[in-house]
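Peer 1: Contents of query06.csv (CSV, C-alpha atoms):
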```
chain,number,residue,atom,x,y,z
A,186,MET,CA,62.2,33.7,-46.4
A,187,THR,CA,60.1,34.2,-43.2
A,188,THR,CA,60.6,32.4,-39.9
A,189,LEU,CA,57.5,30.4,-40.5
A,190,ASP,CA,59.0,29.1,-43.8
A,191,ILE,CA,61.8,27.4,-41.9
A,192,LEU,CA,59.8,25.9,-39.0
A,193,PRO,CA,59.6,22.1,-39.2
A,194,GLU,CA,56.2,20.6,-40.0
A,195,VAL,CA,54.6,19.4,-36.8
A,196,THR,CA,52.6,16.2,-37.1
A,197,CYS,CA,50.2,15.5,-34.2
A,198,PRO,CA,49.4,11.9,-33.4
A,199,PRO,CA,45.8,10.8,-34.2
A,200,THR,CA,43.2,10.9,-31.5
A,201,ASP,CA,40.5,8.8,-33.1
A,202,LEU,CA,41.9,5.3,-32.4
A,203,TRP,CA,40.1,2.0,-32.1
A,204,SER,CA,40.7,-0.1,-29.0
A,205,ASP,CA,43.1,-3.0,-29.7
A,206,GLU,CA,42.6,-5.3,-26.7
A,207,PRO,CA,42.7,-9.2,-26.7
A,208,PRO,CA,39.6,-11.1,-25.7
A,209,LEU,CA,38.8,-11.5,-22.1
A,210,GLU,CA,40.2,-14.5,-20.2
A,211,SER,CA,36.9,-16.0,-19.1
A,212,ASP,CA,33.2,-15.4,-18.4
A,213,LEU,CA,34.2,-14.5,-14.9
A,214,HIS,CA,36.2,-11.6,-16.1
A,215,LEU,CA,33.4,-10.4,-18.3
A,216,GLN,CA,30.8,-10.7,-15.5
A,217,GLN,CA,33.1,-8.9,-13.1
A,218,ILE,CA,33.7,-6.0,-15.5
A,219,ILE,CA,30.0,-5.7,-16.2
A,220,ILE,CA,29.2,-5.6,-12.5
A,221,LEU,CA,31.8,-2.8,-11.8
A,222,LEU,CA,30.6,-0.8,-14.8
A,223,SER,CA,26.8,-1.2,-14.4
A,224,CYS,CA,26.8,-0.6,-10.6
A,225,LEU,CA,28.8,2.6,-11.0
A,226,GLU,CA,26.6,3.8,-13.8
A,227,LEU,CA,23.5,3.2,-11.7
A,228,LEU,CA,24.9,4.8,-8.6
A,229,TRP,CA,26.2,7.9,-10.7
A,230,GLN,CA,23.2,8.1,-13.1
A,231,GLU,CA,22.9,11.8,-12.3
A,232,LYS,CA,26.6,12.5,-13.0
A,233,ASN,CA,28.0,13.5,-16.4
A,234,ASP,CA,31.5,14.3,-15.4
A,235,TYR,CA,33.2,10.9,-15.5
A,236,TYR,CA,34.1,8.1,-17.9
A,237,ALA,CA,34.2,4.4,-17.0
A,238,SER,CA,35.0,1.5,-19.2
A,239,GLY,CA,36.5,-2.0,-19.3
A,240,ASN,CA,38.9,-3.9,-21.5
A,241,LEU,CA,39.6,-0.7,-23.5
A,242,THR,CA,43.0,0.5,-24.8
A,243,ILE,CA,44.6,3.5,-23.2
A,244,TYR,CA,46.9,5.3,-25.7
A,245,TYR,CA,49.3,7.4,-23.7
A,246,ASN,CA,52.2,8.3,-26.1
A,247,GLU,CA,53.3,8.2,-29.7
A,248,GLU,CA,56.1,5.7,-29.0
A,249,GLN,CA,53.6,3.3,-27.7
A,250,LEU,CA,51.7,3.6,-31.1
A,251,LYS,CA,54.9,2.8,-33.0
A,252,LYS,CA,55.8,-0.2,-30.9
A,253,ARG,CA,52.1,-1.3,-30.6
A,254,ASP,CA,52.7,-1.6,-26.9
A,255,PHE,CA,49.1,-1.1,-25.9
A,256,CYS,CA,47.8,-1.1,-22.4
A,257,GLY,CA,44.1,-1.7,-21.6
A,258,PRO,CA,43.1,-2.1,-18.0
A,259,ASP,CA,40.2,-4.5,-17.3
A,260,PHE,CA,38.3,-1.6,-15.7
A,261,PHE,CA,39.1,2.1,-15.2
A,262,VAL,CA,37.5,5.4,-14.2
A,263,VAL,CA,38.5,8.9,-15.2
A,264,LEU,CA,37.0,11.7,-13.2
A,265,ASP,CA,36.3,15.3,-14.3
A,266,THR,CA,35.8,14.5,-17.9
A,267,GLU,CA,33.0,14.3,-20.4
A,268,LYS,CA,30.7,11.2,-20.2
A,269,ARG,CA,30.3,10.1,-23.8
A,270,PRO,CA,31.1,6.9,-25.9
A,271,ARG,CA,34.7,6.4,-27.0
A,272,LYS,CA,36.6,4.0,-29.2
A,273,SER,CA,39.5,4.1,-26.8
A,274,TRP,CA,41.0,6.4,-24.2
A,275,VAL,CA,43.6,8.6,-26.0
A,276,VAL,CA,45.4,10.6,-23.3
A,277,TRP,CA,46.7,13.4,-25.6
A,278,GLY,CA,43.1,13.9,-26.9
A,279,GLU,CA,41.7,14.1,-23.4
A,280,GLN,CA,43.6,17.0,-22.0
A,281,GLY,CA,46.3,14.7,-20.7
A,282,LYS,CA,44.0,12.9,-18.3
A,283,TYR,CA,44.9,9.4,-17.0
A,284,PRO,CA,42.6,7.1,-15.1
A,285,ASN,CA,41.9,8.0,-11.4
A,286,VAL,CA,41.0,4.4,-10.6
A,287,ILE,CA,42.2,1.1,-12.3
A,288,VAL,CA,41.0,-2.4,-11.5
A,289,GLU,CA,42.8,-5.4,-13.0
A,290,ILE,CA,41.1,-8.8,-12.9
A,291,LEU,CA,43.8,-11.4,-12.3
A,292,SER,CA,44.2,-14.6,-14.3
A,293,ASP,CA,47.0,-17.2,-14.6
A,294,SER,CA,48.4,-15.5,-17.7
A,295,THR,CA,48.2,-11.9,-16.5
A,296,ALA,CA,48.6,-12.0,-12.7
A,297,ASN,CA,52.4,-11.5,-12.8
A,298,ILE,CA,52.2,-8.6,-15.2
A,299,ASP,CA,49.4,-7.0,-13.3
A,300,ARG,CA,51.4,-7.2,-10.0
A,301,THR,CA,54.7,-5.9,-11.5
A,302,LYS,CA,54.9,-4.3,-14.9
A,303,LYS,CA,51.4,-2.7,-14.9
A,304,LYS,CA,51.7,-1.6,-11.3
A,305,ILE,CA,54.9,0.2,-12.1
A,306,LEU,CA,53.3,1.7,-15.3
A,307,TYR,CA,50.3,2.9,-13.3
A,308,GLN,CA,52.4,4.3,-10.6
A,309,ASN,CA,55.2,6.0,-12.5
A,310,THR,CA,53.6,7.0,-15.9
A,311,PHE,CA,49.8,7.1,-15.3
A,312,ARG,CA,50.1,8.3,-11.7
A,313,THR,CA,46.8,6.7,-11.1
A,314,PRO,CA,45.8,7.5,-7.5
A,315,ASN,CA,44.0,4.2,-6.8
A,316,TYR,CA,45.0,0.8,-8.2
A,317,PHE,CA,43.3,-2.5,-7.3
A,318,TRP,CA,43.6,-6.1,-8.4
A,319,PHE,CA,41.2,-8.9,-7.8
A,320,ASP,CA,41.4,-12.6,-8.5
A,321,PRO,CA,37.9,-14.1,-9.2
A,322,ASN,CA,39.2,-17.6,-8.5
A,323,THR,CA,41.2,-17.2,-5.3
A,324,LEU,CA,39.4,-14.0,-4.2
A,325,GLU,CA,42.7,-12.2,-3.6
A,326,LEU,CA,42.0,-8.5,-3.3
A,327,GLN,CA,44.7,-5.8,-3.1
A,328,GLY,CA,44.5,-2.0,-3.3
A,329,PHE,CA,47.1,0.8,-3.5
A,330,THR,CA,47.1,4.5,-3.2
A,331,ILE,CA,49.9,6.9,-4.2
A,332,LEU,CA,51.8,8.5,-1.3
A,333,GLU,CA,54.8,10.6,-2.1
A,334,GLY,CA,55.0,9.1,-5.6
A,335,GLN,CA,54.9,5.5,-4.5
A,336,TYR,CA,52.0,3.0,-4.2
A,337,GLN,CA,51.2,2.2,-0.6
A,338,ALA,CA,48.9,-0.7,0.2
A,339,ILE,CA,45.4,0.3,1.3
A,340,SER,CA,44.5,-1.2,4.7
A,341,ALA,CA,41.2,-3.1,4.9
A,342,ASN,CA,38.5,-2.2,7.3
A,343,ASP,CA,37.0,-4.7,9.8
A,344,ARG,CA,34.9,-6.1,6.9
A,345,GLY,CA,37.8,-6.6,4.6
A,346,TYR,CA,36.8,-3.7,2.4
A,347,LEU,CA,39.3,-1.3,0.7
A,348,TRP,CA,38.6,2.4,0.6
A,349,SER,CA,38.9,4.3,-2.7
A,350,GLU,CA,39.0,8.0,-1.9
A,351,GLN,CA,38.7,8.7,-5.7
A,352,LEU,CA,35.4,6.9,-5.9
A,353,GLY,CA,34.2,7.7,-2.4
A,354,LEU,CA,33.4,4.0,-2.1
A,355,TYR,CA,34.7,0.8,-0.6
A,356,LEU,CA,35.7,-2.1,-2.8
A,357,GLY,CA,35.0,-5.5,-1.2
A,358,ILE,CA,33.9,-9.1,-1.9
A,359,PHE,CA,30.3,-10.1,-1.9
A,360,GLU,CA,29.2,-13.5,-3.1
A,361,ARG,CA,32.6,-14.1,-4.7
A,362,LYS,CA,32.4,-10.9,-6.8
A,363,LEU,CA,34.2,-7.6,-6.4
A,364,ARG,CA,31.5,-5.0,-5.4
A,365,TYR,CA,31.2,-1.4,-4.3
A,366,PHE,CA,30.1,-0.5,-0.8
A,367,THR,CA,29.0,3.0,0.4
A,368,ALA,CA,30.9,4.8,3.2
A,369,ASP,CA,28.5,3.3,5.7
A,370,GLY,CA,29.0,-0.2,4.4
A,371,GLN,CA,25.9,-0.6,2.2
A,372,LEU,CA,26.2,-2.7,-0.9
A,373,VAL,CA,25.8,-0.8,-4.1
A,374,PRO,CA,23.2,-2.8,-6.1
A,375,THR,CA,23.4,-4.0,-9.7
A,376,PRO,CA,20.6,-2.8,-11.9
A,377,GLN,CA,19.0,-6.2,-11.6
A,378,GLU,CA,19.2,-6.0,-7.8
A,379,ALA,CA,17.9,-2.4,-7.7
A,380,GLU,CA,15.0,-3.4,-9.9
A,381,LEU,CA,14.2,-6.4,-7.6
A,382,GLN,CA,14.5,-4.1,-4.6
A,383,GLN,CA,12.1,-1.6,-6.2
A,384,ARG,CA,9.7,-4.3,-7.1
A,385,GLN,CA,9.8,-5.7,-3.5
A,386,ALA,CA,9.4,-2.2,-2.1
A,387,LYS,CA,6.3,-1.7,-4.2
A,388,GLU,CA,4.9,-5.1,-3.2
A,389,GLN,CA,5.6,-4.2,0.4
A,390,ILE,CA,3.7,-0.9,0.0
A,391,LEU,CA,0.8,-2.8,-1.6
A,392,LEU,CA,0.8,-5.3,1.2
A,393,GLU,CA,0.8,-2.5,3.8
A,394,LYS,CA,-2.0,-0.7,2.0
A,395,GLU,CA,-4.0,-4.0,1.9
A,396,GLN,CA,-3.3,-4.5,5.6
A,397,ILE,CA,-4.6,-1.0,6.3
A,398,LEU,CA,-7.7,-1.7,4.3
A,399,LEU,CA,-8.2,-5.0,6.0
A,400,GLU,CA,-7.8,-3.4,9.4
A,401,LYS,CA,-10.3,-0.7,8.5
A,402,GLU,CA,-12.7,-3.3,7.2
A,403,GLN,CA,-12.3,-5.3,10.4
A,404,GLU,CA,-12.9,-2.1,12.4
A,405,ARG,CA,-16.0,-1.4,10.4
A,406,GLN,CA,-17.3,-4.9,10.9
A,407,ALA,CA,-16.5,-4.6,14.6
A,408,LYS,CA,-18.6,-1.4,14.8
A,409,GLU,CA,-21.4,-3.1,12.9
A,410,GLN,CA,-21.3,-6.0,15.3
A,411,ALA,CA,-21.4,-3.7,18.3
A,412,ILE,CA,-24.5,-2.0,16.8
A,413,LEU,CA,-26.1,-5.3,16.1
A,414,GLU,CA,-25.4,-6.5,19.7
A,415,LYS,CA,-26.9,-3.2,21.1
A,416,GLU,CA,-30.0,-3.7,18.9
A,417,GLN,CA,-30.2,-7.3,20.0
A,418,ALA,CA,-30.1,-6.2,23.6
A,419,LEU,CA,-32.8,-3.6,23.0
A,420,LEU,CA,-34.9,-6.2,21.2
A,421,GLU,CA,-34.5,-8.7,24.1
A,422,LYS,CA,-35.5,-6.0,26.6
A,423,GLU,CA,-38.6,-5.1,24.5
A,424,GLN,CA,-39.5,-8.7,24.2
A,425,GLU,CA,-39.1,-9.1,28.0
A,426,ARG,CA,-41.3,-6.0,28.6
A,427,GLN,CA,-44.0,-7.3,26.3
A,428,ALA,CA,-44.0,-10.7,27.9
A,429,LYS,CA,-44.4,-9.0,31.4
A,430,GLU,CA,-47.3,-7.0,30.0
A,431,ARG,CA,-49.0,-10.1,28.6
A,432,LEU,CA,-48.6,-11.9,31.9
A,433,ALA,CA,-50.0,-8.9,33.8
A,434,ALA,CA,-53.0,-8.7,31.5
A,435,LYS,CA,-53.7,-12.5,31.9
A,436,LEU,CA,-53.5,-12.1,35.7
A,437,ARG,CA,-55.9,-9.2,35.6
A,438,GLU,CA,-58.3,-11.4,33.6
A,439,LEU,CA,-58.1,-13.9,36.4
A,440,GLY,CA,-58.9,-11.2,38.9
A,441,ILE,CA,-55.5,-11.1,40.3
A,442,ASN,CA,-53.6,-7.8,40.8
A,443,PRO,CA,-50.2,-8.3,39.3
A,444,GLN,CA,-48.6,-5.9,41.7
A,445,THR,CA,-49.6,-8.0,44.7
A,446,ILE,CA,-47.7,-10.9,43.4
```
As structure tokens, how would this structure be written, given the file I've shared?
Peer 2:
Amino acid sequence: MTTLDILPEVTCPPTDLWSDEPPLESDLHLQQIIILLSCLELLWQEKNDYYASGNLTIYYNEEQLKKRDFCGPDFFVVLDTEKRPRKSWVVWGEQGKYPNVIVEILSDSTANIDRTKKKILYQNTFRTPNYFWFDPNTLELQGFTILEGQYQAISANDRGYLWSEQLGLYLGIFERKLRYFTADGQLVPTPQEAELQQRQAKEQILLEKEQILLEKEQERQAKEQAILEKEQALLEKEQERQAKERLAAKLRELGINPQTI
């Protein structure tokens, strides 16, 4: 009997697992997740080395599978990974990668868990560098970053925004929604806002072109008017000259020298 014959059979846990998350609490939660996801996808449309999703189960150990103790953040981002569709995030099938950023949308039924149990899980097990929670009703916003193994609160800037060094973006509140802001404080637009901005920019360009054409037309008309005025002045001078000649001719007919008058 060889050594290989006595080795125990190793069974690897599955990696192709469906998400098993409960329905979202409200339309506010759905809208907020869509905003976070769509804004990031638009901003990072040239990037293919990240994965972002919402209300998707994260499977992180086999014991969790047995107990059906699932954990799906409302929104999370994993960096330095392949951007492709997934049924769920299975850590052992993703080279052991956990989310770099997690955002929980608080509700009456989940707020206590998000502030305690999940915070501990994200700190001690996931080791997620940036954790945020946001209450769409009260507008409470908190953020944490790991320092020496412990979550430390992120201090807000003078606008109330919280910096995520993982995303290279601020998170802050705009029109009662959690939004991204660039390092210089510019709002990251939603696809709808970006489309509106592009349309307005095109309309502005058309208006500016029309204004330029109008100014050129006015300049052309002004030149034509100047030419007409010069021609009118020459005509009046010619008419004046002809009138003087007619008068001089009449005086000569009467035997009067016009130059003596």
Peer 1: Restrict the calculation to all atoms listed in the file, then for each residue of region 252-278 of chain A with any atom at most 12 Å from an atom of region 318-328 of chain A give the closest atom pair and their distance in Å to one decimal, rows by chain and rising residue number, as a tab-separated table.
Peer 2:
```
residue	atom	partner	partner_atom	distance
A:Pro258	CA	A:Trp318	CA	10.4
A:Asp259	CA	A:Trp318	CA	9.7
A:Phe260	CA	A:Trp318	CA	10.1
A:Phe261	CA	A:Trp318	CA	11.6
```
Peer 1: Would you output that residue set with C-alpha atoms, as a PDB file, in the frame of the given file?
Peer 2:
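Output below, filename result00.pdb:
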```pdb
ATOM      1  CA  PRO A 258      43.100  -2.100 -18.000  1.00  0.00           C
ATOM      2  CA  ASP A 259      40.200  -4.500 -17.300  1.00  0.00           C
ATOM      3  CA  PHE A 260      38.300  -1.600 -15.700  1.00  0.00           C
ATOM      4  CA  PHE A 261      39.100   2.100 -15.200  1.00  0.00           C
TER       5      PHE A 261
END
```
Peer 1: Please provide as a count of residues only all residues within 12 Å of region 343-350 of chain A, with the sequence filter that same-chain residues fewer than 2 positions apart are discarded (counting only C-alpha atoms).
Peer 2: 42
Peer 1: For each of A:Pro270, A:Pro374, A:Pro284, A:Gly334, take the minimum atom-to-atom distance to Asn233 (chain A), counting only C-alpha atoms, then give the residue where this is smallest.
Peer 2: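 Nearest candidate to Asn233 (chain A) out of A:Pro270, A:Pro374, A:Pro284, A:Gly334: A:Pro270.
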Peer 1: In Å, how far is it from CA of Ala411 (chain A) to CA of Glu430 (chain A)?
Peer 2: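 Here the two named atoms are 28.6 Å from each other.
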Peer 1: Looking at A:Thr445, A:Ser273, A:Thr310, A:Thr375, which one is nearest to Leu241 (chain A), with distances taken over all atoms listed in the file?
Peer 2: A:Ser273
Peer 1: By how many Å are CA of Glu425 (chain A) and CA of Pro443 (chain A) apart?
Peer 2: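 Interatomic distance, CA of Glu425 (chain A) to CA of Pro443 (chain A): 15.9 Å.
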Peer 1: Using all atoms listed in the file, what residues lie at most 6 Å away from (46.6, -1.9, -22.6) (file coordinates), given as a list in words?
Peer 2: Thr242, Ile243, Phe255, Cys256, Gly257 and Pro258 of chain A
Peer 1: When you count all atoms listed in the file, which of these residues is closest to Leu332 (chain A): A:Asn240, A:Asn309, A:Gln417, A:Gln230?
Peer 2: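 Among A:Asn240, A:Asn309, A:Gln417, A:Gln230, it is A:Asn309 that comes nearest to Leu332 (chain A).
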Peer 1: For a test of reading the model, state the distance in Å between CA of Ser238 (chain A) and CA of Lys302 (chain A), rounded to one decimal.
Peer 2: 21.2 Å
